[in-house]
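Scroll down for the structure; my scribbles are underneath it.
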Amino acid sequence: MARIPERPAQDPRALKGVLRSFGFAWQGLAYAWRSQRNFRIEVYLAALALALAWVLDVDPVPVLLLILVVLTLELMNTALEAVVDLTSPGQHPLAKAAKDTSAAAVLVASLIALVIGAGLFLPAIAEKLRTYGKIP
Ligand SMILES: Nc1ncnc2c1ncn2[C@@H]1O[C@H](COP(=O)(O)OP(=O)(O)OP(=O)(O)O)[C@@H](O)[C@H]1O
């Protein structure tokens, strides 16, 4: 069994403890990137949305907030999946409910982000087309 590392919060060297906490958070991010295809797709879409916001002169702040909500929910979903797999290796209706509800949180956030994103980007796209005389 893997050795449980000394807790960073109990490290008497404050700065070293904080840096170790960041290190563990980075390991969590790397785990999500490696193991979750959906997380990787969402990161690519986030990069695309930010690039589009830059090209279309759309305020990046609401775009960043939408990205923040979807990615953090996906990370929490990944964490919950790991806990469920650890605590319920066999099939159990409550394990299913936990995983499905957690996945539903990501789905709801993604759909709402899509609607808000359309509200942000479509007028900017229409404006660009109007500028180039493609639409009256
Ligand atoms: N221990 C379990 N007991 C009952 N049903 C489960 C259990 N584990 C998974 N499931 C069901 O299988 C589905 C798929 O589970 P899985 O662990 O593959 O995660 P996932 O939803 O595919 O997530 P991801 O693709 O993001 O890793 C769950 O949403 C749930 O409905």
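Ordering of the structure tokens sets the chain letters (A, B, ...); residue numbers start at 1 within each chain; ligands are numbered from 1 in the order shown.
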- Expected answer as a list in words: residues within 8 Å of ligand 1, only C-alpha atoms and all ligand atoms: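 So, counting only C-alpha atoms and all ligand atoms, the residues near ligand 1 are Ser35, Gln36, Arg37, Asn38, Phe39, Asn77, Thr78, Glu81, Val84, Asp85, Ser88, Pro89, Gly90, Gln91, His92, Pro93, Leu94, Ala95, Lys96, Ala97, Lys99, Asp100 and Ala103 of chain A.
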Proximity check segment 5-108 of chain A to segment 125-129 of chain A, 12 Å, nearest pairs one decimal Å, only C-alpha atoms, as a tab-separated table:
```
residue	atom	partner	partner_atom	distance
A:Leu52	CA	A:Ile125	CA	9.8
A:Ala53	CA	A:Ile125	CA	10.2
A:Val55	CA	A:Ile125	CA	10.0
A:Leu56	CA	A:Ile125	CA	6.9
A:Asp57	CA	A:Lys128	CA	9.7
A:Val58	CA	A:Ile125	CA	9.8
```
- Can you tell me, as a VMD selection string, what residues are no more than 12 Å from Ala105 of chain A when counting only C-alpha atoms, ignoring any on the same chain fewer than 6 positions away? chain A and resid 69 to 78 80 98 to 99 111 to 112
Residues just named, written with N, CA and C atoms as a tab-separated table (two decimals), in the first residue's frame:
```
chain	number	residue	atom	x	y	z
A	69	VAL	N	-16.62	27.33	-13.84
A	69	VAL	CA	-17.70	26.50	-13.30
A	69	VAL	C	-17.62	25.07	-13.87
A	70	VAL	N	-17.49	24.97	-15.20
A	70	VAL	CA	-17.53	23.64	-15.83
A	70	VAL	C	-16.30	22.81	-15.42
A	71	LEU	N	-15.10	23.42	-15.46
A	71	LEU	CA	-13.89	22.64	-15.15
A	71	LEU	C	-13.84	22.23	-13.68
A	72	THR	N	-14.25	23.14	-12.79
A	72	THR	CA	-14.19	22.76	-11.36
A	72	THR	C	-15.22	21.67	-11.06
A	73	LEU	N	-16.40	21.77	-11.70
A	73	LEU	CA	-17.38	20.69	-11.48
A	73	LEU	C	-16.85	19.36	-12.02
A	74	GLU	N	-16.17	19.39	-13.17
A	74	GLU	CA	-15.61	18.16	-13.74
A	74	GLU	C	-14.54	17.58	-12.79
A	75	LEU	N	-13.74	18.46	-12.18
A	75	LEU	CA	-12.73	17.97	-11.22
A	75	LEU	C	-13.40	17.36	-9.99
A	76	MET	N	-14.46	18.01	-9.49
A	76	MET	CA	-15.18	17.46	-8.34
A	76	MET	C	-15.83	16.12	-8.71
A	77	ASN	N	-16.34	16.03	-9.94
A	77	ASN	CA	-16.94	14.79	-10.42
A	77	ASN	C	-15.90	13.67	-10.45
A	78	THR	N	-14.71	14.01	-10.90
A	78	THR	CA	-13.61	13.03	-10.95
A	78	THR	C	-13.25	12.57	-9.54
A	80	LEU	N	-15.20	12.59	-6.90
A	80	LEU	CA	-16.29	11.78	-6.35
A	80	LEU	C	-16.27	10.37	-6.94
A	98	ALA	N	-24.84	8.38	-6.80
A	98	ALA	CA	-23.79	9.38	-6.55
A	98	ALA	C	-23.09	9.75	-7.85
A	99	LYS	N	-22.68	8.73	-8.62
A	99	LYS	CA	-21.95	9.02	-9.86
A	99	LYS	C	-22.84	9.72	-10.88
A	111	LEU	N	-24.56	22.65	-20.29
A	111	LEU	CA	-25.66	23.11	-21.15
A	111	LEU	C	-25.94	24.59	-20.92
A	112	ILE	N	-25.93	25.01	-19.65
A	112	ILE	CA	-26.18	26.43	-19.37
A	112	ILE	C	-25.03	27.28	-19.90
```
- Message: Report as a VMD selection string all protein, DNA and RNA residues lying within 9 Å of segment 19-27 of chain A, evaluated on only C-alpha atoms, omitting residues in the same chain fewer than 5 positions from it.
- Response: chain A and resid 7 to 9 14 32
